[in-house]
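A.B. asks: Just one file: input26.cif, with mmCIF, N, CA and C atoms.
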data_upload
#
loop_
_atom_site.label_atom_id
_atom_site.label_comp_id
_atom_site.auth_asym_id
_atom_site.auth_seq_id
_atom_site.Cartn_x
_atom_site.Cartn_y
_atom_site.Cartn_z
N MET I 1 -40.07 3.75 9.10
CA MET I 1 -38.72 3.65 8.61
C MET I 1 -37.82 4.54 9.45
N THR I 2 -36.74 3.99 9.94
CA THR I 2 -35.81 4.77 10.73
C THR I 2 -34.59 5.11 9.89
N THR I 3 -34.09 6.26 10.14
CA THR I 3 -32.87 6.68 9.44
C THR I 3 -31.78 6.93 10.46
N ARG I 4 -30.60 6.64 10.06
CA ARG I 4 -29.47 6.89 10.94
C ARG I 4 -28.91 8.27 10.64
N THR I 5 -28.57 8.97 11.68
CA THR I 5 -27.93 10.27 11.49
C THR I 5 -26.54 10.19 12.07
N LEU I 6 -25.63 10.76 11.35
CA LEU I 6 -24.26 10.82 11.83
C LEU I 6 -24.09 12.01 12.74
N PRO I 7 -23.26 11.89 13.74
CA PRO I 7 -23.00 13.06 14.58
C PRO I 7 -22.30 14.14 13.76
N THR I 8 -22.54 15.38 14.14
CA THR I 8 -21.94 16.48 13.39
C THR I 8 -20.43 16.47 13.50
N GLU I 9 -19.93 16.05 14.62
CA GLU I 9 -18.48 15.95 14.79
C GLU I 9 -18.15 14.54 15.24
N SER I 10 -17.22 13.93 14.54
CA SER I 10 -16.83 12.57 14.92
C SER I 10 -15.73 12.66 15.98
N PRO I 11 -15.64 11.63 16.80
CA PRO I 11 -14.61 11.65 17.84
C PRO I 11 -13.22 11.51 17.22
N ALA I 12 -12.26 12.02 17.93
CA ALA I 12 -10.87 11.89 17.47
C ALA I 12 -10.40 10.46 17.73
N ILE I 13 -9.86 9.83 16.71
CA ILE I 13 -9.37 8.46 16.83
C ILE I 13 -7.95 8.38 16.30
N VAL I 14 -7.27 7.32 16.68
CA VAL I 14 -5.95 7.02 16.11
C VAL I 14 -6.10 5.79 15.23
N LEU I 15 -5.24 5.67 14.25
CA LEU I 15 -5.28 4.52 13.36
C LEU I 15 -4.22 3.51 13.79
N PRO I 16 -4.43 2.23 13.48
CA PRO I 16 -3.48 1.19 13.90
C PRO I 16 -2.22 1.21 13.03
N THR I 17 -1.21 1.91 13.49
CA THR I 17 0.02 2.08 12.72
C THR I 17 0.67 0.75 12.38
N GLY I 18 0.81 -0.11 13.38
CA GLY I 18 1.45 -1.40 13.15
C GLY I 18 0.70 -2.26 12.15
N MET I 19 -0.62 -2.26 12.23
CA MET I 19 -1.42 -3.05 11.29
C MET I 19 -1.32 -2.50 9.87
N LEU I 20 -1.27 -1.18 9.74
CA LEU I 20 -1.14 -0.59 8.40
C LEU I 20 0.19 -0.95 7.76
N ILE I 21 1.27 -0.84 8.54
CA ILE I 21 2.59 -1.17 8.01
C ILE I 21 2.67 -2.66 7.71
N THR I 22 2.13 -3.49 8.60
CA THR I 22 2.14 -4.93 8.37
C THR I 22 1.34 -5.30 7.12
N ALA I 23 0.22 -4.65 6.91
CA ALA I 23 -0.60 -4.94 5.73
C ALA I 23 0.15 -4.60 4.44
N VAL I 24 0.82 -3.46 4.43
CA VAL I 24 1.59 -3.06 3.23
C VAL I 24 2.73 -4.05 2.99
N LEU I 25 3.47 -4.37 4.03
CA LEU I 25 4.59 -5.31 3.88
C LEU I 25 4.11 -6.70 3.47
N ALA I 26 3.02 -7.17 4.07
CA ALA I 26 2.51 -8.50 3.73
C ALA I 26 2.03 -8.56 2.29
N ALA I 27 1.37 -7.51 1.83
CA ALA I 27 0.89 -7.49 0.44
C ALA I 27 2.06 -7.54 -0.54
N CYS I 28 3.08 -6.76 -0.28
CA CYS I 28 4.25 -6.75 -1.17
C CYS I 28 5.01 -8.08 -1.10
N PHE I 29 5.07 -8.66 0.08
CA PHE I 29 5.73 -9.96 0.23
C PHE I 29 4.96 -11.04 -0.52
N ILE I 30 3.66 -11.03 -0.43
CA ILE I 30 2.84 -12.04 -1.12
C ILE I 30 3.03 -11.95 -2.62
N VAL I 31 3.00 -10.73 -3.16
CA VAL I 31 3.22 -10.57 -4.59
C VAL I 31 4.60 -11.05 -4.99
N SER I 32 5.60 -10.73 -4.19
CA SER I 32 6.98 -11.14 -4.50
C SER I 32 7.12 -12.65 -4.50
N VAL I 33 6.54 -13.32 -3.51
CA VAL I 33 6.64 -14.78 -3.43
C VAL I 33 5.92 -15.44 -4.61
N PHE I 34 4.71 -14.97 -4.91
CA PHE I 34 4.00 -15.52 -6.05
C PHE I 34 4.74 -15.25 -7.35
N TRP I 35 5.31 -14.06 -7.47
CA TRP I 35 6.07 -13.72 -8.68
C TRP I 35 7.24 -14.67 -8.87
N ILE I 36 8.00 -14.88 -7.80
CA ILE I 36 9.16 -15.77 -7.90
C ILE I 36 8.71 -17.18 -8.26
N GLY I 37 7.67 -17.66 -7.60
CA GLY I 37 7.18 -19.01 -7.87
C GLY I 37 6.70 -19.19 -9.30
N ILE I 38 5.91 -18.26 -9.78
CA ILE I 38 5.39 -18.37 -11.14
C ILE I 38 6.51 -18.21 -12.16
N ALA I 39 7.39 -17.23 -11.96
CA ALA I 39 8.48 -17.00 -12.92
C ALA I 39 9.44 -18.19 -12.94
N TRP I 40 9.69 -18.78 -11.79
CA TRP I 40 10.59 -19.93 -11.74
C TRP I 40 9.95 -21.13 -12.44
N GLN I 41 8.66 -21.36 -12.18
CA GLN I 41 7.96 -22.47 -12.82
C GLN I 41 7.89 -22.30 -14.34
N MET I 42 7.76 -21.06 -14.80
CA MET I 42 7.68 -20.80 -16.23
C MET I 42 9.05 -20.83 -16.90
N GLY I 43 10.11 -20.85 -16.11
CA GLY I 43 11.46 -20.90 -16.66
C GLY I 43 11.93 -19.57 -17.24
N TRP I 44 11.44 -18.48 -16.68
CA TRP I 44 11.82 -17.16 -17.19
C TRP I 44 13.23 -16.80 -16.77
N ASP I 45 13.76 -15.78 -17.41
CA ASP I 45 15.11 -15.29 -17.17
C ASP I 45 15.25 -14.76 -15.74
N ASN I 46 16.47 -14.79 -15.22
CA ASN I 46 16.73 -14.29 -13.86
C ASN I 46 16.36 -12.82 -13.70
N GLN I 47 16.51 -12.02 -14.74
CA GLN I 47 16.16 -10.60 -14.65
C GLN I 47 14.65 -10.42 -14.43
N VAL I 48 13.87 -11.32 -14.99
CA VAL I 48 12.42 -11.28 -14.78
C VAL I 48 12.07 -11.77 -13.39
N ILE I 49 12.76 -12.81 -12.94
CA ILE I 49 12.50 -13.36 -11.60
C ILE I 49 12.82 -12.33 -10.52
N ILE I 50 13.93 -11.65 -10.67
CA ILE I 50 14.36 -10.66 -9.67
C ILE I 50 13.48 -9.40 -9.69
N ALA I 51 12.86 -9.11 -10.82
CA ALA I 51 12.04 -7.89 -10.93
C ALA I 51 10.87 -7.90 -9.95
N GLY I 52 10.31 -9.07 -9.64
CA GLY I 52 9.19 -9.15 -8.70
C GLY I 52 9.53 -8.65 -7.31
N PRO I 53 10.56 -9.22 -6.68
CA PRO I 53 10.91 -8.73 -5.35
C PRO I 53 11.41 -7.28 -5.35
N VAL I 54 12.09 -6.87 -6.40
CA VAL I 54 12.55 -5.47 -6.46
C VAL I 54 11.35 -4.52 -6.55
N GLY I 55 10.37 -4.88 -7.39
CA GLY I 55 9.16 -4.07 -7.48
C GLY I 55 8.38 -4.07 -6.17
N GLY I 56 8.30 -5.24 -5.53
CA GLY I 56 7.63 -5.32 -4.24
C GLY I 56 8.32 -4.48 -3.18
N ALA I 57 9.64 -4.48 -3.19
CA ALA I 57 10.39 -3.66 -2.23
C ALA I 57 10.18 -2.17 -2.47
N ALA I 58 10.11 -1.79 -3.74
CA ALA I 58 9.87 -0.37 -4.06
C ALA I 58 8.50 0.07 -3.56
N VAL I 59 7.50 -0.76 -3.78
CA VAL I 59 6.15 -0.42 -3.32
C VAL I 59 6.08 -0.45 -1.80
N ALA I 60 6.76 -1.39 -1.17
CA ALA I 60 6.79 -1.45 0.29
C ALA I 60 7.42 -0.18 0.87
N LEU I 61 8.49 0.27 0.26
CA LEU I 61 9.16 1.49 0.73
C LEU I 61 8.24 2.70 0.62
N THR I 62 7.62 2.88 -0.53
CA THR I 62 6.73 4.03 -0.68
C THR I 62 5.45 3.87 0.16
N GLY I 63 5.00 2.62 0.33
CA GLY I 63 3.82 2.38 1.16
C GLY I 63 4.06 2.71 2.62
N ILE I 64 5.20 2.29 3.14
CA ILE I 64 5.54 2.60 4.53
C ILE I 64 5.73 4.10 4.70
N LEU I 65 6.36 4.72 3.73
CA LEU I 65 6.52 6.18 3.79
C LEU I 65 5.16 6.87 3.81
N GLY I 66 4.24 6.38 2.99
CA GLY I 66 2.89 6.95 2.97
C GLY I 66 2.17 6.79 4.30
N VAL I 67 2.32 5.63 4.92
CA VAL I 67 1.70 5.40 6.23
C VAL I 67 2.31 6.34 7.27
N LEU I 68 3.62 6.46 7.26
CA LEU I 68 4.28 7.30 8.26
C LEU I 68 4.00 8.79 8.04
N ILE I 69 3.81 9.19 6.80
CA ILE I 69 3.47 10.59 6.51
C ILE I 69 2.12 10.95 7.13
N MET I 70 1.19 9.98 7.17
CA MET I 70 -0.13 10.23 7.76
C MET I 70 -0.07 10.45 9.26
N THR I 71 1.01 10.04 9.90
CA THR I 71 1.15 10.04 11.36
C THR I 71 -0.10 9.45 12.03
N PRO I 72 -0.33 8.14 11.80
CA PRO I 72 -1.56 7.53 12.30
C PRO I 72 -1.65 7.42 13.81
N TRP I 73 -0.59 7.69 14.52
CA TRP I 73 -0.61 7.59 15.99
C TRP I 73 -1.18 8.87 16.62
N ARG I 74 -1.39 9.91 15.83
CA ARG I 74 -1.97 11.15 16.36
C ARG I 74 -3.48 11.12 16.24
N PRO I 75 -4.21 11.50 17.30
CA PRO I 75 -5.68 11.49 17.22
C PRO I 75 -6.20 12.59 16.29
N ARG I 76 -7.11 12.20 15.40
CA ARG I 76 -7.75 13.15 14.48
C ARG I 76 -9.18 12.70 14.27
N ASP I 77 -10.04 13.61 13.78
CA ASP I 77 -11.40 13.20 13.46
C ASP I 77 -11.44 12.53 12.09
N MET I 78 -12.56 11.87 11.78
CA MET I 78 -12.65 11.06 10.57
C MET I 78 -12.47 11.87 9.29
N GLY I 79 -12.99 13.07 9.25
CA GLY I 79 -12.84 13.89 8.06
C GLY I 79 -11.38 14.17 7.75
N MET I 80 -10.62 14.43 8.78
CA MET I 80 -9.19 14.69 8.59
C MET I 80 -8.46 13.41 8.20
N TRP I 81 -8.87 12.26 8.76
CA TRP I 81 -8.20 11.01 8.41
C TRP I 81 -8.37 10.67 6.94
N MET I 82 -9.58 10.88 6.43
CA MET I 82 -9.80 10.55 5.02
C MET I 82 -8.98 11.48 4.11
N THR I 83 -8.85 12.73 4.51
CA THR I 83 -8.02 13.66 3.76
C THR I 83 -6.55 13.24 3.82
N MET I 84 -6.10 12.84 5.00
CA MET I 84 -4.71 12.41 5.14
C MET I 84 -4.43 11.14 4.34
N TRP I 85 -5.40 10.21 4.34
CA TRP I 85 -5.20 8.97 3.59
C TRP I 85 -5.14 9.24 2.09
N MET I 86 -6.00 10.12 1.62
CA MET I 86 -5.96 10.47 0.19
C MET I 86 -4.65 11.17 -0.16
N ALA I 87 -4.17 12.04 0.71
CA ALA I 87 -2.89 12.72 0.46
C ALA I 87 -1.74 11.71 0.45
N ALA I 88 -1.76 10.76 1.36
CA ALA I 88 -0.71 9.73 1.38
C ALA I 88 -0.79 8.85 0.14
N THR I 89 -2.00 8.57 -0.33
CA THR I 89 -2.16 7.77 -1.54
C THR I 89 -1.63 8.51 -2.76
N VAL I 90 -1.90 9.80 -2.84
CA VAL I 90 -1.36 10.60 -3.95
C VAL I 90 0.16 10.65 -3.87
N LEU I 91 0.71 10.78 -2.66
CA LEU I 91 2.17 10.77 -2.51
C LEU I 91 2.75 9.46 -3.01
N ARG I 92 2.14 8.34 -2.62
CA ARG I 92 2.61 7.04 -3.11
C ARG I 92 2.47 6.92 -4.61
N LEU I 93 1.37 7.45 -5.14
CA LEU I 93 1.11 7.38 -6.57
C LEU I 93 2.16 8.16 -7.36
N LEU I 94 2.70 9.21 -6.76
CA LEU I 94 3.75 10.00 -7.43
C LEU I 94 5.14 9.42 -7.20
N LEU I 95 5.40 8.93 -6.00
CA LEU I 95 6.74 8.43 -5.68
C LEU I 95 7.04 7.06 -6.27
N THR I 96 6.04 6.21 -6.37
CA THR I 96 6.28 4.85 -6.85
C THR I 96 6.79 4.83 -8.30
N PRO I 97 6.18 5.54 -9.24
CA PRO I 97 6.75 5.54 -10.60
C PRO I 97 8.13 6.19 -10.67
N ALA I 98 8.36 7.20 -9.85
CA ALA I 98 9.69 7.83 -9.84
C ALA I 98 10.74 6.83 -9.36
N LEU I 99 10.42 6.10 -8.32
CA LEU I 99 11.34 5.07 -7.82
C LEU I 99 11.50 3.95 -8.84
N ALA I 100 10.42 3.59 -9.51
CA ALA I 100 10.50 2.55 -10.55
C ALA I 100 11.42 3.00 -11.68
N TYR I 101 11.32 4.25 -12.08
CA TYR I 101 12.19 4.76 -13.14
C TYR I 101 13.65 4.73 -12.71
N LEU I 102 13.91 5.11 -11.46
CA LEU I 102 15.29 5.07 -10.96
C LEU I 102 15.82 3.63 -10.93
N LEU I 103 14.99 2.70 -10.48
CA LEU I 103 15.42 1.30 -10.45
C LEU I 103 15.65 0.76 -11.86
N TYR I 104 14.78 1.09 -12.78
CA TYR I 104 14.92 0.62 -14.15
C TYR I 104 16.18 1.21 -14.79
N SER I 105 16.45 2.47 -14.51
CA SER I 105 17.62 3.12 -15.09
C SER I 105 18.92 2.60 -14.49
N ALA I 106 18.89 2.24 -13.22
CA ALA I 106 20.12 1.85 -12.53
C ALA I 106 20.44 0.36 -12.68
N THR I 107 19.47 -0.44 -13.07
CA THR I 107 19.69 -1.88 -13.16
C THR I 107 19.37 -2.37 -14.57
N SER I 108 19.66 -3.63 -14.80
CA SER I 108 19.35 -4.23 -16.10
C SER I 108 18.12 -5.12 -16.02
N LEU I 109 17.18 -4.77 -15.14
CA LEU I 109 15.95 -5.56 -15.00
C LEU I 109 15.03 -5.33 -16.19
N SER I 110 14.20 -6.31 -16.44
CA SER I 110 13.20 -6.20 -17.50
C SER I 110 12.19 -5.11 -17.12
N GLY I 111 12.02 -4.14 -18.00
CA GLY I 111 11.11 -3.03 -17.72
C GLY I 111 9.66 -3.46 -17.58
N THR I 112 9.24 -4.37 -18.44
CA THR I 112 7.87 -4.86 -18.38
C THR I 112 7.63 -5.64 -17.09
N ALA I 113 8.56 -6.50 -16.75
CA ALA I 113 8.41 -7.30 -15.52
C ALA I 113 8.41 -6.40 -14.29
N LEU I 114 9.31 -5.42 -14.26
CA LEU I 114 9.37 -4.51 -13.12
C LEU I 114 8.08 -3.71 -13.02
N GLY I 115 7.57 -3.24 -14.13
CA GLY I 115 6.34 -2.47 -14.13
C GLY I 115 5.15 -3.29 -13.65
N LEU I 116 5.05 -4.53 -14.15
CA LEU I 116 3.95 -5.39 -13.72
C LEU I 116 4.05 -5.73 -12.24
N ALA I 117 5.25 -6.01 -11.76
CA ALA I 117 5.42 -6.32 -10.34
C ALA I 117 5.03 -5.13 -9.47
N ILE I 118 5.38 -3.95 -9.91
CA ILE I 118 5.03 -2.74 -9.15
C ILE I 118 3.52 -2.53 -9.16
N VAL I 119 2.89 -2.71 -10.30
CA VAL I 119 1.43 -2.53 -10.38
C VAL I 119 0.71 -3.54 -9.49
N PHE I 120 1.08 -4.81 -9.58
CA PHE I 120 0.44 -5.82 -8.74
C PHE I 120 0.66 -5.52 -7.25
N SER I 121 1.90 -5.19 -6.88
CA SER I 121 2.20 -4.90 -5.48
C SER I 121 1.46 -3.67 -5.00
N TYR I 122 1.40 -2.64 -5.84
CA TYR I 122 0.75 -1.40 -5.45
C TYR I 122 -0.74 -1.62 -5.18
N PHE I 123 -1.41 -2.29 -6.10
CA PHE I 123 -2.85 -2.48 -5.92
C PHE I 123 -3.17 -3.42 -4.77
N LEU I 124 -2.37 -4.45 -4.56
CA LEU I 124 -2.62 -5.33 -3.43
C LEU I 124 -2.32 -4.61 -2.11
N ALA I 125 -1.29 -3.79 -2.06
CA ALA I 125 -0.98 -3.02 -0.85
C ALA I 125 -2.08 -2.01 -0.56
N LEU I 126 -2.58 -1.36 -1.60
CA LEU I 126 -3.67 -0.40 -1.42
C LEU I 126 -4.93 -1.10 -0.91
N LEU I 127 -5.23 -2.27 -1.45
CA LEU I 127 -6.38 -3.04 -1.00
C LEU I 127 -6.21 -3.48 0.46
N ALA I 128 -5.02 -3.95 0.81
CA ALA I 128 -4.77 -4.39 2.18
C ALA I 128 -4.89 -3.23 3.17
N GLU I 129 -4.37 -2.08 2.78
CA GLU I 129 -4.47 -0.91 3.64
C GLU I 129 -5.92 -0.47 3.80
N TRP I 130 -6.67 -0.54 2.73
CA TRP I 130 -8.08 -0.17 2.79
C TRP I 130 -8.85 -1.11 3.71
N VAL I 131 -8.55 -2.41 3.66
CA VAL I 131 -9.23 -3.37 4.53
C VAL I 131 -8.93 -3.08 5.99
N VAL I 132 -7.67 -2.79 6.31
CA VAL I 132 -7.30 -2.46 7.69
C VAL I 132 -8.03 -1.21 8.16
N LEU I 133 -8.06 -0.18 7.32
CA LEU I 133 -8.75 1.06 7.69
C LEU I 133 -10.24 0.82 7.86
N ASP I 134 -10.85 0.08 6.95
CA ASP I 134 -12.28 -0.18 7.02
C ASP I 134 -12.64 -0.93 8.30
N ARG I 135 -11.91 -1.97 8.60
CA ARG I 135 -12.21 -2.75 9.82
C ARG I 135 -12.01 -1.92 11.08
N HIS I 136 -10.95 -1.11 11.11
CA HIS I 136 -10.70 -0.30 12.30
C HIS I 136 -11.77 0.77 12.48
N ILE I 137 -12.14 1.43 11.40
CA ILE I 137 -13.13 2.49 11.49
C ILE I 137 -14.49 1.91 11.86
N ASN I 138 -14.86 0.77 11.29
CA ASN I 138 -16.14 0.16 11.67
C ASN I 138 -16.15 -0.33 13.12
N LYS I 139 -15.00 -0.69 13.64
CA LYS I 139 -14.92 -1.12 15.05
C LYS I 139 -15.02 0.10 15.97
N VAL I 140 -14.38 1.19 15.60
CA VAL I 140 -14.34 2.37 16.46
C VAL I 140 -15.62 3.19 16.34
N LEU I 141 -16.13 3.32 15.13
CA LEU I 141 -17.33 4.14 14.89
C LEU I 141 -18.43 3.29 14.26
N PRO I 142 -19.06 2.40 15.01
CA PRO I 142 -20.12 1.58 14.40
C PRO I 142 -21.35 2.42 14.09
N LEU I 143 -22.00 2.08 12.99
CA LEU I 143 -23.24 2.80 12.62
C LEU I 143 -24.45 2.04 13.03
#
Could you rewrite the structure in this file as structure tokens?

C.D. replies:
Amino acid sequence: MTTRTLPTESPAIVLPTGMLITAVLAACFIVSVFWIGIAWQMGWDNQVIIAGPVGGAAVALTGILGVLIMTPWRPRDMGMWMTMWMAATVLRLLLTPALAYLLYSATSLSGTALGLAIVFSYFLALLAEWVVLDRHINKVLPL
């Protein structure tokens, strides 16, 4: 039986900034389009229909900010990247509800619809970002 050993120090790599931003934007766009389509087909109120794209835009804004905070264009080792990604995720986790509260307070959108749109957009954006990171890391550091 052979076992794989990881090197004690991983090489410094950069993350694909454009792919990360594209993944976040695409995830939020997909949720917004599906939201509009489903809400329109169900005949829901305009405030509910508009809540989807507004929630998607809020998540896209915090998602892009999270990606840029990580500064993925700077070379770092894998241990530091995972720490930076977790820090960016916590930042998004704190900023997204704050932005949602501001949007809810400033507009007459349905609170439930806005909350659901934000949750769907957030989780799909997080999943898309994770897929991009996983594919890039497996390509750069194959085991």

A.B. asks: Pull the closest atom pair for each residue of segment 12-44 of chain I that gets at most 7 Å from segment 58-64 of chain I, along with the distance in Å to one decimal, counting all atoms listed in the file, ordering rows by chain and then ascending residue number, as a Markdown table.

C.D. replies:
| residue | atom | partner | partner_atom | distance |
| --- | --- | --- | --- | --- |
| I:Ile21 | CA | I:Ile64 | CA | 5.9 |
| I:Val24 | C | I:Ala60 | CA | 5.5 |
| I:Leu25 | CA | I:Ala60 | CA | 5.7 |
| I:Cys28 | CA | I:Ala60 | N | 5.9 |

A.B. asks: Neighbouring residues of segment 71-79 of chain I were defined as those with any atom within 6 Å, considering all atoms listed in the file; residues of the same chain fewer than 4 positions away were excluded. Please report them as a ChimeraX atom specification.

C.D. replies: /I:10-17,67,83

A.B. asks: Suppose a student applies the PyMOL selection byres ((chain I and resi 100) around 8) to this structure; what residues should they get, written as a PyMOL selection string?

C.D. replies: chain I and resi 55+58-59+95-99+101-106+114-115+118

A.B. asks: Store the residues picked out above, limited to N, CA and C atoms, as a PDB file, in the coordinates of the input.

C.D. replies:
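Here's the written file selection.pdb:
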ATOM      1  N   GLY I  55      10.370  -4.880  -7.390  1.00  0.00           N
ATOM      2  CA  GLY I  55       9.160  -4.070  -7.480  1.00  0.00           C
ATOM      3  C   GLY I  55       8.380  -4.070  -6.170  1.00  0.00           C
ATOM      4  N   ALA I  58      10.110  -1.790  -3.740  1.00  0.00           N
ATOM      5  CA  ALA I  58       9.870  -0.370  -4.060  1.00  0.00           C
ATOM      6  C   ALA I  58       8.500   0.070  -3.560  1.00  0.00           C
ATOM      7  N   VAL I  59       7.500  -0.760  -3.780  1.00  0.00           N
ATOM      8  CA  VAL I  59       6.150  -0.420  -3.320  1.00  0.00           C
ATOM      9  C   VAL I  59       6.080  -0.450  -1.800  1.00  0.00           C
ATOM     10  N   LEU I  95       5.400   8.930  -6.000  1.00  0.00           N
ATOM     11  CA  LEU I  95       6.740   8.430  -5.680  1.00  0.00           C
ATOM     12  C   LEU I  95       7.040   7.060  -6.270  1.00  0.00           C
ATOM     13  N   THR I  96       6.040   6.210  -6.370  1.00  0.00           N
ATOM     14  CA  THR I  96       6.280   4.850  -6.850  1.00  0.00           C
ATOM     15  C   THR I  96       6.790   4.830  -8.300  1.00  0.00           C
ATOM     16  N   PRO I  97       6.180   5.540  -9.240  1.00  0.00           N
ATOM     17  CA  PRO I  97       6.750   5.540 -10.600  1.00  0.00           C
ATOM     18  C   PRO I  97       8.130   6.190 -10.670  1.00  0.00           C
ATOM     19  N   ALA I  98       8.360   7.200  -9.850  1.00  0.00           N
ATOM     20  CA  ALA I  98       9.690   7.830  -9.840  1.00  0.00           C
ATOM     21  C   ALA I  98      10.740   6.830  -9.360  1.00  0.00           C
ATOM     22  N   LEU I  99      10.420   6.100  -8.320  1.00  0.00           N
ATOM     23  CA  LEU I  99      11.340   5.070  -7.820  1.00  0.00           C
ATOM     24  C   LEU I  99      11.500   3.950  -8.840  1.00  0.00           C
ATOM     25  N   TYR I 101      11.320   4.250 -12.080  1.00  0.00           N
ATOM     26  CA  TYR I 101      12.190   4.760 -13.140  1.00  0.00           C
ATOM     27  C   TYR I 101      13.650   4.730 -12.710  1.00  0.00           C
ATOM     28  N   LEU I 102      13.910   5.110 -11.460  1.00  0.00           N
ATOM     29  CA  LEU I 102      15.290   5.070 -10.960  1.00  0.00           C
ATOM     30  C   LEU I 102      15.820   3.630 -10.930  1.00  0.00           C
ATOM     31  N   LEU I 103      14.990   2.700 -10.480  1.00  0.00           N
ATOM     32  CA  LEU I 103      15.420   1.300 -10.450  1.00  0.00           C
ATOM     33  C   LEU I 103      15.650   0.760 -11.860  1.00  0.00           C
ATOM     34  N   TYR I 104      14.780   1.090 -12.780  1.00  0.00           N
ATOM     35  CA  TYR I 104      14.920   0.620 -14.150  1.00  0.00           C
ATOM     36  C   TYR I 104      16.180   1.210 -14.790  1.00  0.00           C
ATOM     37  N   SER I 105      16.450   2.470 -14.510  1.00  0.00           N
ATOM     38  CA  SER I 105      17.620   3.120 -15.090  1.00  0.00           C
ATOM     39  C   SER I 105      18.920   2.600 -14.490  1.00  0.00           C
ATOM     40  N   ALA I 106      18.890   2.240 -13.220  1.00  0.00           N
ATOM     41  CA  ALA I 106      20.120   1.850 -12.530  1.00  0.00           C
ATOM     42  C   ALA I 106      20.440   0.360 -12.680  1.00  0.00           C
ATOM     43  N   LEU I 114       9.310  -5.420 -14.260  1.00  0.00           N
ATOM     44  CA  LEU I 114       9.370  -4.510 -13.120  1.00  0.00           C
ATOM     45  C   LEU I 114       8.080  -3.710 -13.020  1.00  0.00           C
ATOM     46  N   GLY I 115       7.570  -3.240 -14.130  1.00  0.00           N
ATOM     47  CA  GLY I 115       6.340  -2.470 -14.130  1.00  0.00           C
ATOM     48  C   GLY I 115       5.150  -3.290 -13.650  1.00  0.00           C
ATOM     49  N   ILE I 118       5.380  -3.950  -9.910  1.00  0.00           N
ATOM     50  CA  ILE I 118       5.030  -2.740  -9.150  1.00  0.00           C
ATOM     51  C   ILE I 118       3.520  -2.530  -9.160  1.00  0.00           C
TER      52      ILE I 118
END

A.B. asks: Excluding Ser110 of chain I and its own-chain neighbours fewer than 3 positions away, which residues fall within 8 Å of it when counting all atoms listed in the file? Please give them as a VMD selection string.

C.D. replies: chain I and resid 46 to 51 104 107 113 to 116

A.B. asks: Give the alpha helix (DSSP H) residues of segment 49-120 of chain I, as DSSP finds them on the backbone, and put them as a VMD selection string.

C.D. replies: chain I and resid 49 to 70 78 to 106 111 to 120

A.B. asks: Between atom N of Glu129 of chain I and atom N of Ala23 of chain I, what is the distance in Å, rounded to a tenth?

C.D. replies: 6.7 Å

A.B. asks: Take atom CA of Ala125 of chain I and atom CA of Leu65 of chain I and report the distance between them in Å, one decimal.

C.D. replies: 12.7 Å

A.B. asks: Measure the distance from atom N of Leu91 of chain I to atom C of Val54 of chain I in Å and round it to one decimal.

C.D. replies: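 Atom N of Leu91 of chain I sits 19.0 Å away from atom C of Val54 of chain I.
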
A.B. asks: Kindly provide the residues of segment 78-104 of chain I that approach segment 132-136 of chain I to within 12 Å, each paired with its closest atom pair and their distance in Å to one decimal, based on only C-alpha atoms, listed by chain and increasing number, as a Markdown table.

C.D. replies:
| residue | atom | partner | partner_atom | distance |
| --- | --- | --- | --- | --- |
| I:Met78 | CA | I:Leu133 | CA | 11.1 |
| I:Trp81 | CA | I:Leu133 | CA | 10.0 |
| I:Met82 | CA | I:Leu133 | CA | 9.9 |
| I:Trp85 | CA | I:Leu133 | CA | 9.6 |
